[in-house]
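Student: Sharing query.pdb here; it has PDB, C-alpha atoms.
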```
ATOM      1  CA  MET T   1       0.000   0.000   0.000  1.00  0.00           C
ATOM      2  CA  SER T   2       1.255   3.483  -0.847  1.00  0.00           C
ATOM      3  CA  ILE T   3       1.463   6.573   1.347  1.00  0.00           C
ATOM      4  CA  GLY T   4      -0.190   8.839  -1.231  1.00  0.00           C
ATOM      5  CA  ALA T   5      -3.066   8.241  -3.634  1.00  0.00           C
ATOM      6  CA  PHE T   6      -1.250   9.443  -6.772  1.00  0.00           C
ATOM      7  CA  THR T   7       1.441   6.900  -7.641  1.00  0.00           C
ATOM      8  CA  ASP T   8       1.676   7.228 -11.435  1.00  0.00           C
ATOM      9  CA  LYS T   9       4.895   9.133 -12.064  1.00  0.00           C
ATOM     10  CA  LYS T  10       3.854   9.880 -15.659  1.00  0.00           C
ATOM     11  CA  HIS T  11       0.709  11.743 -14.597  1.00  0.00           C
ATOM     12  CA  GLN T  12       1.113  14.786 -12.377  1.00  0.00           C
ATOM     13  CA  PRO T  13      -2.280  15.330 -10.770  1.00  0.00           C
ATOM     14  CA  THR T  14      -3.946  18.681 -11.260  1.00  0.00           C
ATOM     15  CA  GLU T  15      -4.950  20.816  -8.306  1.00  0.00           C
ATOM     16  CA  ASP T  16      -8.592  19.871  -8.977  1.00  0.00           C
ATOM     17  CA  GLU T  17      -7.695  16.159  -8.872  1.00  0.00           C
ATOM     18  CA  VAL T  18      -5.784  16.651  -5.626  1.00  0.00           C
ATOM     19  CA  PHE T  19      -8.634  18.579  -4.015  1.00  0.00           C
ATOM     20  CA  ALA T  20     -11.208  16.012  -5.147  1.00  0.00           C
ATOM     21  CA  MET T  21      -9.093  13.172  -3.717  1.00  0.00           C
ATOM     22  CA  ILE T  22      -8.672  14.898  -0.339  1.00  0.00           C
ATOM     23  CA  GLY T  23     -12.419  15.505  -0.152  1.00  0.00           C
ATOM     24  CA  GLN T  24     -13.861  16.705   3.162  1.00  0.00           C
ATOM     25  CA  LYS T  25     -10.399  17.092   4.722  1.00  0.00           C
ATOM     26  CA  LEU T  26      -9.550  19.848   2.196  1.00  0.00           C
ATOM     27  CA  PRO T  27      -9.968  22.686   4.762  1.00  0.00           C
ATOM     28  CA  PHE T  28      -7.225  21.053   6.874  1.00  0.00           C
ATOM     29  CA  TRP T  29      -4.927  20.826   3.804  1.00  0.00           C
ATOM     30  CA  GLN T  30      -5.578  24.483   3.005  1.00  0.00           C
ATOM     31  CA  GLU T  31      -5.022  25.612   6.605  1.00  0.00           C
ATOM     32  CA  LEU T  32      -1.748  23.725   6.858  1.00  0.00           C
ATOM     33  CA  THR T  33      -0.333  24.844   3.500  1.00  0.00           C
ATOM     34  CA  GLN T  34      -1.277  28.468   4.252  1.00  0.00           C
ATOM     35  CA  PHE T  35       0.335  28.224   7.696  1.00  0.00           C
ATOM     36  CA  ILE T  36       3.573  26.837   6.238  1.00  0.00           C
ATOM     37  CA  ARG T  37       3.694  29.501   3.517  1.00  0.00           C
ATOM     38  CA  GLU T  38       3.152  32.306   6.038  1.00  0.00           C
ATOM     39  CA  THR T  39       5.419  30.959   8.790  1.00  0.00           C
ATOM     40  CA  TYR T  40       8.483  29.469   7.095  1.00  0.00           C
ATOM     41  CA  PRO T  41      10.815  30.689   4.342  1.00  0.00           C
ATOM     42  CA  ALA T  42      10.303  27.415   2.501  1.00  0.00           C
ATOM     43  CA  ASP T  43      10.633  26.572  -1.157  1.00  0.00           C
ATOM     44  CA  GLU T  44       7.601  24.641  -2.361  1.00  0.00           C
ATOM     45  CA  ASP T  45       6.965  22.190  -5.164  1.00  0.00           C
ATOM     46  CA  PHE T  46       4.620  19.377  -6.116  1.00  0.00           C
ATOM     47  CA  THR T  47       6.757  16.414  -7.038  1.00  0.00           C
ATOM     48  CA  PHE T  48       6.902  12.638  -7.304  1.00  0.00           C
ATOM     49  CA  LEU T  49       8.820  11.406  -4.258  1.00  0.00           C
ATOM     50  CA  TYR T  50      10.606   8.149  -3.518  1.00  0.00           C
ATOM     51  CA  GLY T  51       8.752   5.968  -6.062  1.00  0.00           C
ATOM     52  CA  LYS T  52       5.366   4.247  -6.138  1.00  0.00           C
ATOM     53  CA  LYS T  53       5.322   3.575  -2.400  1.00  0.00           C
ATOM     54  CA  TYR T  54       4.964   7.323  -1.777  1.00  0.00           C
ATOM     55  CA  GLY T  55       3.819   9.083  -4.946  1.00  0.00           C
ATOM     56  CA  TRP T  56       3.098  12.760  -5.624  1.00  0.00           C
ATOM     57  CA  ALA T  57       3.370  15.207  -2.733  1.00  0.00           C
ATOM     58  CA  ARG T  58       3.391  18.921  -1.908  1.00  0.00           C
ATOM     59  CA  ARG T  59       6.929  19.365  -0.565  1.00  0.00           C
ATOM     60  CA  PHE T  60       8.334  22.251   1.482  1.00  0.00           C
ATOM     61  CA  ARG T  61      12.094  22.662   1.908  1.00  0.00           C
ATOM     62  CA  ILE T  62      14.309  25.146   3.707  1.00  0.00           C
ATOM     63  CA  ARG T  63      17.847  25.475   2.422  1.00  0.00           C
ATOM     64  CA  LYS T  64      17.335  22.259   0.452  1.00  0.00           C
ATOM     65  CA  GLN T  65      16.421  20.329   3.615  1.00  0.00           C
ATOM     66  CA  LEU T  66      12.978  18.813   3.899  1.00  0.00           C
ATOM     67  CA  LEU T  67      10.603  20.660   6.203  1.00  0.00           C
ATOM     68  CA  THR T  68       7.567  18.533   5.359  1.00  0.00           C
ATOM     69  CA  SER T  69       5.688  16.769   2.576  1.00  0.00           C
ATOM     70  CA  LEU T  70       1.908  16.474   2.242  1.00  0.00           C
ATOM     71  CA  TYR T  71       0.638  13.402   0.375  1.00  0.00           C
ATOM     72  CA  PRO T  72      -2.943  13.527  -0.944  1.00  0.00           C
ATOM     73  CA  ALA T  73      -4.751  10.331   0.058  1.00  0.00           C
ATOM     74  CA  GLU T  74      -8.230   8.901  -0.448  1.00  0.00           C
ATOM     75  CA  GLY T  75     -10.503  11.131   1.633  1.00  0.00           C
ATOM     76  CA  GLY T  76      -7.646  13.011   3.316  1.00  0.00           C
ATOM     77  CA  PHE T  77      -3.905  13.431   3.363  1.00  0.00           C
ATOM     78  CA  ILE T  78      -0.766  12.314   5.160  1.00  0.00           C
ATOM     79  CA  VAL T  79       1.977  14.617   6.439  1.00  0.00           C
ATOM     80  CA  GLN T  80       5.617  13.529   6.545  1.00  0.00           C
ATOM     81  CA  ILE T  81       7.919  15.121   9.112  1.00  0.00           C
ATOM     82  CA  ASN T  82      11.405  13.734   9.655  1.00  0.00           C
ATOM     83  CA  LEU T  83      12.442  13.975  13.296  1.00  0.00           C
ATOM     84  CA  SER T  84      15.908  13.531  14.772  1.00  0.00           C
ATOM     85  CA  PRO T  85      16.215  11.215  17.802  1.00  0.00           C
ATOM     86  CA  GLU T  86      16.346  14.328  20.021  1.00  0.00           C
ATOM     87  CA  ALA T  87      13.221  15.733  18.348  1.00  0.00           C
ATOM     88  CA  VAL T  88      11.357  12.422  18.767  1.00  0.00           C
ATOM     89  CA  GLU T  89      11.841  12.605  22.533  1.00  0.00           C
ATOM     90  CA  GLN T  90      10.762  16.255  22.595  1.00  0.00           C
ATOM     91  CA  ALA T  91       7.739  15.502  20.396  1.00  0.00           C
ATOM     92  CA  LEU T  92       6.528  12.763  22.719  1.00  0.00           C
ATOM     93  CA  ALA T  93       7.057  15.058  25.723  1.00  0.00           C
ATOM     94  CA  MET T  94       4.666  17.548  24.058  1.00  0.00           C
ATOM     95  CA  GLN T  95       1.956  14.881  24.493  1.00  0.00           C
ATOM     96  CA  PRO T  96       0.561  15.028  20.964  1.00  0.00           C
ATOM     97  CA  GLY T  97      -2.809  13.568  20.043  1.00  0.00           C
ATOM     98  CA  LYS T  98      -3.432   9.958  19.118  1.00  0.00           C
ATOM     99  CA  ASN T  99      -2.656  10.190  15.370  1.00  0.00           C
ATOM    100  CA  ALA T 100       0.690  11.941  15.880  1.00  0.00           C
ATOM    101  CA  ARG T 101       1.644   9.748  18.837  1.00  0.00           C
ATOM    102  CA  GLU T 102       0.854   6.539  16.934  1.00  0.00           C
ATOM    103  CA  ALA T 103       2.667   7.807  13.819  1.00  0.00           C
ATOM    104  CA  ILE T 104       5.800   8.501  15.857  1.00  0.00           C
ATOM    105  CA  ALA T 105       5.585   5.073  17.512  1.00  0.00           C
ATOM    106  CA  ARG T 106       5.173   3.227  14.212  1.00  0.00           C
ATOM    107  CA  ALA T 107       7.998   5.120  12.430  1.00  0.00           C
ATOM    108  CA  HIS T 108      11.127   3.031  12.067  1.00  0.00           C
ATOM    109  CA  PRO T 109      13.982   4.409  14.191  1.00  0.00           C
ATOM    110  CA  TYR T 110      17.166   5.114  12.228  1.00  0.00           C
ATOM    111  CA  PRO T 111      20.369   6.581  13.678  1.00  0.00           C
ATOM    112  CA  GLU T 112      19.452   9.949  12.119  1.00  0.00           C
ATOM    113  CA  GLY T 113      15.848   9.805  13.375  1.00  0.00           C
ATOM    114  CA  ARG T 114      12.418   8.776  12.122  1.00  0.00           C
ATOM    115  CA  TRP T 115      10.312   9.475   9.054  1.00  0.00           C
ATOM    116  CA  VAL T 116       6.955  10.184  10.671  1.00  0.00           C
ATOM    117  CA  PHE T 117       3.793   9.938   8.531  1.00  0.00           C
ATOM    118  CA  ILE T 118       0.765  11.464  10.236  1.00  0.00           C
ATOM    119  CA  PRO T 119      -2.720  10.907   8.762  1.00  0.00           C
ATOM    120  CA  VAL T 120      -4.765  14.077   9.198  1.00  0.00           C
ATOM    121  CA  GLY T 121      -8.249  13.365  10.447  1.00  0.00           C
ATOM    122  CA  ALA T 122      -9.155  16.335  12.627  1.00  0.00           C
ATOM    123  CA  ALA T 123      -8.230  19.904  13.542  1.00  0.00           C
ATOM    124  CA  ASP T 124      -6.207  18.591  16.505  1.00  0.00           C
ATOM    125  CA  ASP T 125      -3.927  16.768  14.046  1.00  0.00           C
ATOM    126  CA  VAL T 126      -3.246  20.044  12.232  1.00  0.00           C
ATOM    127  CA  GLN T 127      -2.296  21.693  15.542  1.00  0.00           C
ATOM    128  CA  ASP T 128       0.035  18.787  16.405  1.00  0.00           C
ATOM    129  CA  ILE T 129       1.682  19.079  12.987  1.00  0.00           C
ATOM    130  CA  LYS T 130       2.222  22.820  13.433  1.00  0.00           C
ATOM    131  CA  ARG T 131       3.981  22.115  16.746  1.00  0.00           C
ATOM    132  CA  LEU T 132       6.075  19.346  15.198  1.00  0.00           C
ATOM    133  CA  LEU T 133       7.100  21.617  12.315  1.00  0.00           C
ATOM    134  CA  ALA T 134       8.302  24.221  14.819  1.00  0.00           C
ATOM    135  CA  LEU T 135      10.234  21.485  16.610  1.00  0.00           C
ATOM    136  CA  ARG T 136      11.777  20.319  13.318  1.00  0.00           C
ATOM    137  CA  VAL T 137      12.907  23.828  12.461  1.00  0.00           C
ATOM    138  CA  GLU T 138      14.318  24.366  15.943  1.00  0.00           C
ATOM    139  CA  THR T 139      16.200  21.069  16.146  1.00  0.00           C
ATOM    140  CA  LYS T 140      17.531  21.200  12.589  1.00  0.00           C
ATOM    141  CA  ARG T 141      18.163  24.957  12.736  1.00  0.00           C
ATOM    142  CA  LEU T 142      16.480  25.439   9.384  1.00  0.00           C
ATOM    143  CA  GLN T 143      16.592  29.115   8.575  1.00  0.00           C
ATOM    144  CA  GLY T 144      16.799  31.391   5.569  1.00  0.00           C
ATOM    145  CA  ARG T 145      15.756  30.710   2.012  1.00  0.00           C
ATOM    146  CA  SER T 146      17.553  28.170  -0.151  1.00  0.00           C
ATOM    147  CA  GLN T 147      19.941  29.534  -2.721  1.00  0.00           C
TER     148      GLN T 147
END
```
What do you get writing this file as structure tokens?
Tutor:
Amino acid sequence: MSIGAFTDKKHQPTEDEVFAMIGQKLPFWQELTQFIRETYPADEDFTFLYGKKYGWARRFRIRKQLLTSLYPAEGGFIVQINLSPEAVEQALAMQPGKNAREAIARAHPYPEGRWVFIPVGAADDVQDIKRLLALRVETKRLQGRSQ
């Protein structure tokens, strides 16, 4: 099973296709993308990431380092945030909601951290993601605009 709904590399989905796929969770997608655009000096693109297991995603990077990726999914979307081991501990100490907590727990631990994939189902998930993005920026010291 793939992370995102759009796994055909040869067909870049249109914005209308993305919005239709996300469905009723579209307001959460719009809130989160607007928040990222207004809060972080991130470069943004819509690209095919990591092959068919992941698919097309809205990606935000700061100085060529990943801030986050949003994968449209059937009836919603999934947010990827890569957390260092230090950030994982801090994230759990923030006592996030069930979706974020379970996503952190199920993410495979690597020496450099975890790739956390959070399914967005409610407004609380969006708030958790905003807090985790701030943590990512703080722990990775992502600042400035990429050259």
Student: Starting from the shown file, work through the PyMOL selection byres ((chain T and resi 117-128) around 6) and note down what comes out as number ranges by chain.
Tutor: T: 77-80, 96, 100, 103, 116, 129-131
Student: Asp43 (chain T): which residues within 7 Å, counting all atoms listed in the file, same-chain residues fewer than 4 positions away excluded, as an mmCIF file with C-alpha atoms, in the coordinates of the input?
Tutor:
```
data_model
loop_
_atom_site.group_PDB
_atom_site.id
_atom_site.type_symbol
_atom_site.label_atom_id
_atom_site.label_comp_id
_atom_site.auth_asym_id
_atom_site.auth_seq_id
_atom_site.Cartn_x
_atom_site.Cartn_y
_atom_site.Cartn_z
ATOM 1 C CA PHE T 60 8.334 22.251 1.482
ATOM 2 C CA ARG T 61 12.094 22.662 1.908
ATOM 3 C CA ILE T 62 14.309 25.146 3.707
#
```
Student: In Å, with one decimal, what is the gap from CA of Arg58 (chain T) to CA of Ala105 (chain T)?
Tutor: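 The value is 24.0 Å.
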Student: Taking all atoms listed in the file into account, name the residue in T:Leu70, T:Leu32, T:Leu49, T:Ala107 that is nearest to Val18 (chain T).
Tutor: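 With all atoms listed in the file as the atom set, the closest residue is T:Leu70.
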Student: Do you know which residues are at most 9 Å from Ala91 (chain T) counting only C-alpha atoms, after dropping those on the same chain fewer than 2 positions away, and could you put them as a ChimeraX atom specification?
Tutor: /T:83,86-89,93-96,101,104,131-132,135
Student: May I ask which of the residues T:Gly23, T:Ala134, T:Arg59, T:His11 is the closest one to Ala73 (chain T), counting only C-alpha atoms?
Tutor: T:Gly23
Student: What residues have an atom no more than 12 Å from (5.5, 31.7, 10.3) in the file's own frame, counting all atoms listed in the file, and can you write them as a short mmCIF file (atom, residue, chain, number, x, y, z; two decimals) with C-alpha atoms, in the coordinates of the input?
Tutor:
```cif
data_model
loop_
_atom_site.label_atom_id
_atom_site.label_comp_id
_atom_site.auth_asym_id
_atom_site.auth_seq_id
_atom_site.Cartn_x
_atom_site.Cartn_y
_atom_site.Cartn_z
CA LEU T 32 -1.75 23.72 6.86
CA THR T 33 -0.33 24.84 3.50
CA GLN T 34 -1.28 28.47 4.25
CA PHE T 35 0.34 28.22 7.70
CA ILE T 36 3.57 26.84 6.24
CA ARG T 37 3.69 29.50 3.52
CA GLU T 38 3.15 32.31 6.04
CA THR T 39 5.42 30.96 8.79
CA TYR T 40 8.48 29.47 7.10
CA PRO T 41 10.82 30.69 4.34
CA ALA T 42 10.30 27.42 2.50
CA LYS T 130 2.22 22.82 13.43
CA ARG T 131 3.98 22.12 16.75
CA LEU T 133 7.10 21.62 12.32
CA ALA T 134 8.30 24.22 14.82
CA VAL T 137 12.91 23.83 12.46
CA GLN T 143 16.59 29.12 8.57
#
```
Student: Calculate how many Å separate CA of Ser2 (chain T) from CA of Tyr54 (chain T), rounding to one decimal.
Tutor: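 These two atoms are separated by 5.4 Å.
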Student: Please report the interatomic distance between CA of Leu66 (chain T) and CA of Phe48 (chain T) in Å with one decimal.
Tutor: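 Taking CA of Leu66 (chain T) as the start and CA of Phe48 (chain T) as the end point, the length is 14.2 Å.
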Student: Go through the shown structure with the PyMOL selection byres ((chain T and resi 84) around 10) and write out the matching residues as a list in words.
Tutor: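 This file, filtered by the PyMOL selection byres ((chain T and resi 84) around 10), leaves Ile81, Asn82, Leu83, Pro85, Glu86, Ala87, Val88, Glu89, Gln90, Pro109, Tyr110, Pro111, Glu112, Gly113, Arg114, Trp115, Leu135, Arg136, Thr139 and Lys140 of chain T.
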Student: I'd like to see the residues matched by the PyMOL selection byres ((chain T and resi 52) around 9) on this file, and ideally I'd get them as a VMD selection string.
Tutor: chain T and resid 2 to 4 6 to 9 48 to 51 53 to 56
Student: Mind writing region 10-137 of chain T to a file for me, with C-alpha atoms, as a compact mmCIF listing (two decimals), in the first residue's frame?
Tutor:
```txt
# COMPACT_ATOMS: atom_id res chain seq x y z
CA LYS T 10 3.85 9.88 -15.66
CA HIS T 11 0.71 11.74 -14.60
CA GLN T 12 1.11 14.79 -12.38
CA PRO T 13 -2.28 15.33 -10.77
CA THR T 14 -3.95 18.68 -11.26
CA GLU T 15 -4.95 20.82 -8.31
CA ASP T 16 -8.59 19.87 -8.98
CA GLU T 17 -7.70 16.16 -8.87
CA VAL T 18 -5.78 16.65 -5.63
CA PHE T 19 -8.63 18.58 -4.02
CA ALA T 20 -11.21 16.01 -5.15
CA MET T 21 -9.09 13.17 -3.72
CA ILE T 22 -8.67 14.90 -0.34
CA GLY T 23 -12.42 15.51 -0.15
CA GLN T 24 -13.86 16.70 3.16
CA LYS T 25 -10.40 17.09 4.72
CA LEU T 26 -9.55 19.85 2.20
CA PRO T 27 -9.97 22.69 4.76
CA PHE T 28 -7.22 21.05 6.87
CA TRP T 29 -4.93 20.83 3.80
CA GLN T 30 -5.58 24.48 3.00
CA GLU T 31 -5.02 25.61 6.61
CA LEU T 32 -1.75 23.73 6.86
CA THR T 33 -0.33 24.84 3.50
CA GLN T 34 -1.28 28.47 4.25
CA PHE T 35 0.33 28.22 7.70
CA ILE T 36 3.57 26.84 6.24
CA ARG T 37 3.69 29.50 3.52
CA GLU T 38 3.15 32.31 6.04
CA THR T 39 5.42 30.96 8.79
CA TYR T 40 8.48 29.47 7.10
CA PRO T 41 10.82 30.69 4.34
CA ALA T 42 10.30 27.41 2.50
CA ASP T 43 10.63 26.57 -1.16
CA GLU T 44 7.60 24.64 -2.36
CA ASP T 45 6.97 22.19 -5.16
CA PHE T 46 4.62 19.38 -6.12
CA THR T 47 6.76 16.41 -7.04
CA PHE T 48 6.90 12.64 -7.30
CA LEU T 49 8.82 11.41 -4.26
CA TYR T 50 10.61 8.15 -3.52
CA GLY T 51 8.75 5.97 -6.06
CA LYS T 52 5.37 4.25 -6.14
CA LYS T 53 5.32 3.57 -2.40
CA TYR T 54 4.96 7.32 -1.78
CA GLY T 55 3.82 9.08 -4.95
CA TRP T 56 3.10 12.76 -5.62
CA ALA T 57 3.37 15.21 -2.73
CA ARG T 58 3.39 18.92 -1.91
CA ARG T 59 6.93 19.37 -0.57
CA PHE T 60 8.33 22.25 1.48
CA ARG T 61 12.09 22.66 1.91
CA ILE T 62 14.31 25.15 3.71
CA ARG T 63 17.85 25.48 2.42
CA LYS T 64 17.33 22.26 0.45
CA GLN T 65 16.42 20.33 3.61
CA LEU T 66 12.98 18.81 3.90
CA LEU T 67 10.60 20.66 6.20
CA THR T 68 7.57 18.53 5.36
CA SER T 69 5.69 16.77 2.58
CA LEU T 70 1.91 16.47 2.24
CA TYR T 71 0.64 13.40 0.37
CA PRO T 72 -2.94 13.53 -0.94
CA ALA T 73 -4.75 10.33 0.06
CA GLU T 74 -8.23 8.90 -0.45
CA GLY T 75 -10.50 11.13 1.63
CA GLY T 76 -7.65 13.01 3.32
CA PHE T 77 -3.91 13.43 3.36
CA ILE T 78 -0.77 12.31 5.16
CA VAL T 79 1.98 14.62 6.44
CA GLN T 80 5.62 13.53 6.55
CA ILE T 81 7.92 15.12 9.11
CA ASN T 82 11.41 13.73 9.65
CA LEU T 83 12.44 13.98 13.30
CA SER T 84 15.91 13.53 14.77
CA PRO T 85 16.21 11.21 17.80
CA GLU T 86 16.35 14.33 20.02
CA ALA T 87 13.22 15.73 18.35
CA VAL T 88 11.36 12.42 18.77
CA GLU T 89 11.84 12.61 22.53
CA GLN T 90 10.76 16.25 22.60
CA ALA T 91 7.74 15.50 20.40
CA LEU T 92 6.53 12.76 22.72
CA ALA T 93 7.06 15.06 25.72
CA MET T 94 4.67 17.55 24.06
CA GLN T 95 1.96 14.88 24.49
CA PRO T 96 0.56 15.03 20.96
CA GLY T 97 -2.81 13.57 20.04
CA LYS T 98 -3.43 9.96 19.12
CA ASN T 99 -2.66 10.19 15.37
CA ALA T 100 0.69 11.94 15.88
CA ARG T 101 1.64 9.75 18.84
CA GLU T 102 0.85 6.54 16.93
CA ALA T 103 2.67 7.81 13.82
CA ILE T 104 5.80 8.50 15.86
CA ALA T 105 5.58 5.07 17.51
CA ARG T 106 5.17 3.23 14.21
CA ALA T 107 8.00 5.12 12.43
CA HIS T 108 11.13 3.03 12.07
CA PRO T 109 13.98 4.41 14.19
CA TYR T 110 17.17 5.11 12.23
CA PRO T 111 20.37 6.58 13.68
CA GLU T 112 19.45 9.95 12.12
CA GLY T 113 15.85 9.81 13.37
CA ARG T 114 12.42 8.78 12.12
CA TRP T 115 10.31 9.47 9.05
CA VAL T 116 6.95 10.18 10.67
CA PHE T 117 3.79 9.94 8.53
CA ILE T 118 0.76 11.46 10.24
CA PRO T 119 -2.72 10.91 8.76
CA VAL T 120 -4.76 14.08 9.20
CA GLY T 121 -8.25 13.36 10.45
CA ALA T 122 -9.15 16.34 12.63
CA ALA T 123 -8.23 19.90 13.54
CA ASP T 124 -6.21 18.59 16.51
CA ASP T 125 -3.93 16.77 14.05
CA VAL T 126 -3.25 20.04 12.23
CA GLN T 127 -2.30 21.69 15.54
CA ASP T 128 0.04 18.79 16.40
CA ILE T 129 1.68 19.08 12.99
CA LYS T 130 2.22 22.82 13.43
CA ARG T 131 3.98 22.12 16.75
CA LEU T 132 6.08 19.35 15.20
CA LEU T 133 7.10 21.62 12.31
CA ALA T 134 8.30 24.22 14.82
CA LEU T 135 10.23 21.49 16.61
CA ARG T 136 11.78 20.32 13.32
CA VAL T 137 12.91 23.83 12.46
```
